[in-house]
Structures are given as structure tokens and as C-alpha cells.
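See structure below.
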Amino acid sequence: MRKIIGAAFVSIDGVMQAPGGPAEDWTGGFEHGGWLAPLFDEALGNQVDSFLKDPFDLLLGRKTWEIFAAHWPFTEDHDGIAASFAKNRKYVMTRSGMPLDWQGSERVPDFDALAAIKAGEGPNIVIQGSSTLYPGLLERGLIDRLVLMTAPVVLGRGKRLFGGGSPSGRWKLIEHRLSSTGIAMATYEPDGPVEVASFAMDDPHPRELARREKLEREG
């Protein structure tokens, strides 16, 4: 069975929109495109290399595919990421009839189809960008690993990695490093449901009981 690895650049407040440049994605009035570029260093480059080593295939949402298809085939990076992207399969989650004319691109209509691909033979599948995919992937337990590269910036608004509809769950930290520019690079794997406990006193004070009653009334 293949693994699906979600790799994302995010801000402290969870925004992942347009890390690479102002022209990447300004939808929703996003004004901070290119927020990652000033913080890129050798350590972050090594982290990116760690999940973009061959063999791998890509999983992209429609908008991220459009961004990549308009950029990577036309760069002069003939030996690096562009070369890998050119030869690897690109699975595109979309129901639209748009032509997928970037070499190796394949339409995936829904999560059931993706689950069948994951269950088959082939290399691991790496998600790039594609914030809209995460809630559905997490709900169906299709993500085997998360590589989060968290930059020391707060963006306030924009597309978020864990938007509305993301299911709860516990994740186990399996690796953590820090770049020279303060980017926290952490790798996680699923670790079951969220566990809960309480620091509250076994015999609450009447004031605490009154607070709970008020909270119950207010809904």
C-alpha cells in the first residue's frame, strides 16, 4: 500500500496560502504572498528534498495544479524539482472538465477513487499546497504522515491547512528540527483519537459549580 504524505508550509496561525510569491494566489484579498521566501535557508531546502526525493507522485487540488502547471514546466531547473515533477505522475483532485495538459497529470474525481489509488502499487504520494483537500483526507484516514514547516509569522487571514470540517485526532511527533530563520520543521504520524483529562478539583467549589450552571444556560 502506498503512503500519502502531506507536506505544507504554514504560518503560526495556520495559513498556507501563497508562500512562494505575490502572484501565486491572491484570492480572498490575500496580501502577503511570498511570506516564506525571505525565510528560506539551507535547512529548509534539505527538508524539502527529504520528501521530494524519487520515487514519488504528486497529489494536487485544481488550483495548486494550475499554479504548478504554469510554472514548473517552464523553469530552467532541469535537474532539480522541475525535473522530478516532469517525470512523476500528478494526481489532480477535480470534478471539472478542464484539460490536464501537463505531462503525467491524471484526474481523480473523488476520495473513493483516491483511496483505490493509495491501495494499489506505486511510490508514495506527496501533497503540495491544496488546502481544500485536507479535511476530506483526514476524515477518511488517508494521510499517513504530515510534514509541517511552520514559519515565525502571523498572517491573520488566508487559506488554512486545518480549515472548517477538519476532524479531531492525536498526532505523534517523530522528528523535529529548527532552521536558522526560525522555521519549525516537524513530522507527525496519526496516533489515534484525542484523549481528554481534567485539572479540575474532584470536589469543586460552589463558585465553580455556579460557573458551570451559567455556562450550561448560555449554551
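The way I read the labels, and the way they are meant: chains A, B, ... in the order of the C-alpha cells, residue 1 as the first residue of every chain, and ligand 1 as the first ligand shown, with later ones counted on from there.
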Would you write out, as CSV, a table of all residues in segment 110-146 of chain A that have an atom no more than 12 Å from an atom of segment 170-189 of chain A, listing for each the closest atom pair and the distance in Å to one decimal, considering only C-alpha atoms and ordering rows by chain and rising residue number?
residue,atom,partner,partner_atom,distance
A:Leu138,CA,A:Arg170,CA,11.5
A:Gly141,CA,A:Glu189,CA,11.1
A:Leu142,CA,A:Glu189,CA,11.4
A:Ile143,CA,A:Glu189,CA,8.4
A:Asp144,CA,A:Glu189,CA,6.1
A:Arg145,CA,A:Glu189,CA,4.7
A:Leu146,CA,A:Tyr188,CA,5.1
Grab the residues selected above and save them as a CSV table (one decimal), in the first residue's frame with N, CA, C and O atoms.
chain,number,residue,atom,x,y,z
A,138,LEU,N,-8.3,13.8,5.9
A,138,LEU,CA,-8.2,13.5,7.3
A,138,LEU,C,-9.4,12.7,7.8
A,138,LEU,O,-9.3,11.7,8.5
A,141,GLY,N,-9.0,9.1,6.8
A,141,GLY,CA,-7.8,8.5,7.3
A,141,GLY,C,-6.8,8.2,6.2
A,141,GLY,O,-6.1,7.2,6.3
A,142,LEU,N,-6.8,9.0,5.2
A,142,LEU,CA,-5.9,8.8,4.1
A,142,LEU,C,-4.5,9.4,4.2
A,142,LEU,O,-3.7,9.0,3.3
A,143,ILE,N,-4.3,10.2,5.2
A,143,ILE,CA,-2.9,10.8,5.3
A,143,ILE,C,-2.1,10.0,6.3
A,143,ILE,O,-2.5,9.7,7.4
A,144,ASP,N,-1.0,9.5,5.9
A,144,ASP,CA,-0.1,8.7,6.7
A,144,ASP,C,1.0,9.5,7.4
A,144,ASP,O,1.5,9.0,8.5
A,145,ARG,N,1.3,10.7,6.9
A,145,ARG,CA,2.3,11.5,7.5
A,145,ARG,C,2.1,12.9,7.2
A,145,ARG,O,1.7,13.3,6.1
A,146,LEU,N,2.4,13.8,8.2
A,146,LEU,CA,2.3,15.3,7.9
A,146,LEU,C,3.7,15.9,8.2
A,146,LEU,O,4.3,15.6,9.2
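By chain and then residue number, the residues within 6 Å of segment 76-92 of chain A are Asp57, Leu58, Leu59, Leu60, Gly61, Trp72, Gly104, Ser105, Glu106, Arg107 and Val108 of chain A, counting only C-alpha atoms and disregarding those fewer than 3 positions away in sequence.
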Would you write out those residues with N, CA, C and O atoms, as a PDB file, in the first residue's frame?
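Saved result, part_37.pdb, follows:
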ATOM      1  N   ASP A  57       4.918  10.409  -6.311  1.00  0.00           N
ATOM      2  CA  ASP A  57       3.930  11.052  -7.162  1.00  0.00           C
ATOM      3  C   ASP A  57       3.352  12.230  -6.400  1.00  0.00           C
ATOM      4  O   ASP A  57       3.514  12.338  -5.179  1.00  0.00           O
ATOM      5  N   LEU A  58       2.678  13.115  -7.121  1.00  0.00           N
ATOM      6  CA  LEU A  58       2.087  14.301  -6.514  1.00  0.00           C
ATOM      7  C   LEU A  58       0.578  14.169  -6.405  1.00  0.00           C
ATOM      8  O   LEU A  58      -0.056  13.567  -7.274  1.00  0.00           O
ATOM      9  N   LEU A  59       0.018  14.749  -5.358  1.00  0.00           N
ATOM     10  CA  LEU A  59      -1.428  14.901  -5.223  1.00  0.00           C
ATOM     11  C   LEU A  59      -1.708  16.394  -5.094  1.00  0.00           C
ATOM     12  O   LEU A  59      -1.179  17.053  -4.193  1.00  0.00           O
ATOM     13  N   LEU A  60      -2.523  16.916  -6.001  1.00  0.00           N
ATOM     14  CA  LEU A  60      -2.781  18.349  -6.064  1.00  0.00           C
ATOM     15  C   LEU A  60      -4.272  18.633  -6.189  1.00  0.00           C
ATOM     16  O   LEU A  60      -4.993  17.887  -6.848  1.00  0.00           O
ATOM     17  N   GLY A  61      -4.708  19.725  -5.573  1.00  0.00           N
ATOM     18  CA  GLY A  61      -6.018  20.251  -5.873  1.00  0.00           C
ATOM     19  C   GLY A  61      -5.975  21.007  -7.190  1.00  0.00           C
ATOM     20  O   GLY A  61      -4.898  21.280  -7.731  1.00  0.00           O
ATOM     21  N   TRP A  72       6.307  25.196 -13.283  1.00  0.00           N
ATOM     22  CA  TRP A  72       7.397  24.228 -13.298  1.00  0.00           C
ATOM     23  C   TRP A  72       7.811  23.748 -14.687  1.00  0.00           C
ATOM     24  O   TRP A  72       9.014  23.563 -14.939  1.00  0.00           O
ATOM     25  N   GLY A 104       1.826  13.773 -17.574  1.00  0.00           N
ATOM     26  CA  GLY A 104       1.699  12.884 -16.423  1.00  0.00           C
ATOM     27  C   GLY A 104       0.556  13.202 -15.493  1.00  0.00           C
ATOM     28  O   GLY A 104       0.436  12.582 -14.430  1.00  0.00           O
ATOM     29  N   SER A 105      -0.301  14.149 -15.854  1.00  0.00           N
ATOM     30  CA  SER A 105      -1.416  14.523 -14.986  1.00  0.00           C
ATOM     31  C   SER A 105      -2.600  13.580 -15.182  1.00  0.00           C
ATOM     32  O   SER A 105      -2.927  13.202 -16.308  1.00  0.00           O
ATOM     33  N   GLU A 106      -3.255  13.242 -14.076  1.00  0.00           N
ATOM     34  CA  GLU A 106      -4.385  12.298 -14.108  1.00  0.00           C
ATOM     35  C   GLU A 106      -5.496  12.799 -13.199  1.00  0.00           C
ATOM     36  O   GLU A 106      -5.255  13.113 -12.039  1.00  0.00           O
ATOM     37  N   ARG A 107      -6.697  12.868 -13.720  1.00  0.00           N
ATOM     38  CA  ARG A 107      -7.837  13.353 -12.950  1.00  0.00           C
ATOM     39  C   ARG A 107      -8.282  12.297 -11.938  1.00  0.00           C
ATOM     40  O   ARG A 107      -8.414  11.115 -12.252  1.00  0.00           O
ATOM     41  N   VAL A 108      -8.544  12.747 -10.698  1.00  0.00           N
ATOM     42  CA  VAL A 108      -9.098  11.895  -9.647  1.00  0.00           C
ATOM     43  C   VAL A 108     -10.409  12.534  -9.207  1.00  0.00           C
ATOM     44  O   VAL A 108     -10.405  13.614  -8.611  1.00  0.00           O
TER      45      VAL A 108
END
Neighbour list for Ile117 of chain A as a list in words, cut-off 10 Å, only C-alpha atoms, skip fewer than 4 positions in-chain: Met1, Arg2, Tyr91, Val108, Phe111, Asp112, Ala113, Glu121, Gly122 and Ile125 of chain A
Write the residues you've just listed into a file as a JSON list (two decimals), in the first residue's frame, and include C-alpha atoms for each of them.
[["chain", "number", "residue", "atom", "x", "y", "z"],
["A", 1, "MET", "CA", 0.00, 0.00, 0.00],
["A", 2, "ARG", "CA", 1.20, 3.49, -0.83],
["A", 91, "TYR", "CA", -2.98, 13.15, -9.40],
["A", 108, "VAL", "CA", -9.10, 11.90, -9.65],
["A", 111, "PHE", "CA", -11.82, 10.41, -2.39],
["A", 112, "ASP", "CA", -13.03, 6.89, -3.12],
["A", 113, "ALA", "CA", -11.01, 6.93, -6.32],
["A", 121, "GLU", "CA", 1.11, -0.37, -6.25],
["A", 122, "GLY", "CA", 3.41, 2.57, -6.73],
["A", 125, "ILE", "CA", 2.16, 10.28, -2.90]]
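Within segment 166-207 of chain A, residues classed as strand (DSSP E) by DSSP on backbone coordinates are Trp171, Lys172, Leu173, Ile174, Glu175, His176, Arg177, Leu178, Ala184, Met185, Ala186, Thr187, Tyr188, Glu189 and Pro190 of chain A.
With atom CA of Gln128 of chain A on one side and atom CA of Asp54 of chain A on the other, the separation reads 15.1 Å.
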Given only C-alpha atoms as the counted atoms, nearest of A:Thr132, A:Ser198, A:Ser11, A:Thr27 to Thr94 of chain A: A:Thr132
Best match for closeness to Gly164 of chain A among A:Pro190, A:Gly129, A:Pro135, A:Gly14, counting only C-alpha atoms: A:Pro135
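Here atom CA of Glu195 of chain A stands at a distance of 17.0 Å from atom CA of Ser166 of chain A.
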Who sits within 8 Å of Ala37 of chain A, only C-alpha atoms, same chain under 4 positions skipped, as a list of chain:residue names: A:Pro19, A:Gly20, A:Gly21
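Running DSSP on the backbone gives alpha helix (DSSP H) for these residues within segment 15-55 of chain A: Glu42, Ala43, Leu44, Gly45, Asn46, Gln47, Val48, Asp49, Ser50 and Phe51 of chain A.
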Output file for the residues above (C-alpha atoms, as a PDB file, in the first residue's frame):
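Everything below was put into out-v3.pdb:
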ATOM      1  CA  GLU A  42      19.682  25.517   3.595  1.00  0.00           C
ATOM      2  CA  ALA A  43      17.965  23.573   6.376  1.00  0.00           C
ATOM      3  CA  LEU A  44      14.528  24.174   4.870  1.00  0.00           C
ATOM      4  CA  GLY A  45      15.876  23.211   1.459  1.00  0.00           C
ATOM      5  CA  ASN A  46      17.116  19.927   2.912  1.00  0.00           C
ATOM      6  CA  GLN A  47      13.708  19.296   4.453  1.00  0.00           C
ATOM      7  CA  VAL A  48      12.008  19.835   1.106  1.00  0.00           C
ATOM      8  CA  ASP A  49      14.494  17.473  -0.531  1.00  0.00           C
ATOM      9  CA  SER A  50      13.641  14.816   2.068  1.00  0.00           C
ATOM     10  CA  PHE A  51      10.034  14.445   0.874  1.00  0.00           C
TER      11      PHE A  51
END
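Picture a line from atom CA of Ala69 of chain A to atom CA of Leu100 of chain A; it runs 8.9 Å.
Distance check against Trp26 of chain A using only C-alpha atoms: of A:Val126, A:Ser96, A:Lys159, A:Ser131, the minimum falls on A:Lys159.
Each of A:Ala23, A:Leu133, A:Lys118, A:Phe68 was compared to Asp101 of chain A using only C-alpha atoms, and A:Phe68 turns out to be the nearest.
Shortest atom-to-atom contact with Tyr134 of chain A among A:Met93, A:Met98, A:Val194, A:Val154: A:Met93, counting only C-alpha atoms.
Closest approach to Asp13 of chain A among A:Leu52, A:Leu155, A:Ala119, A:Ile127 is made by A:Leu155 (distances from only C-alpha atoms).
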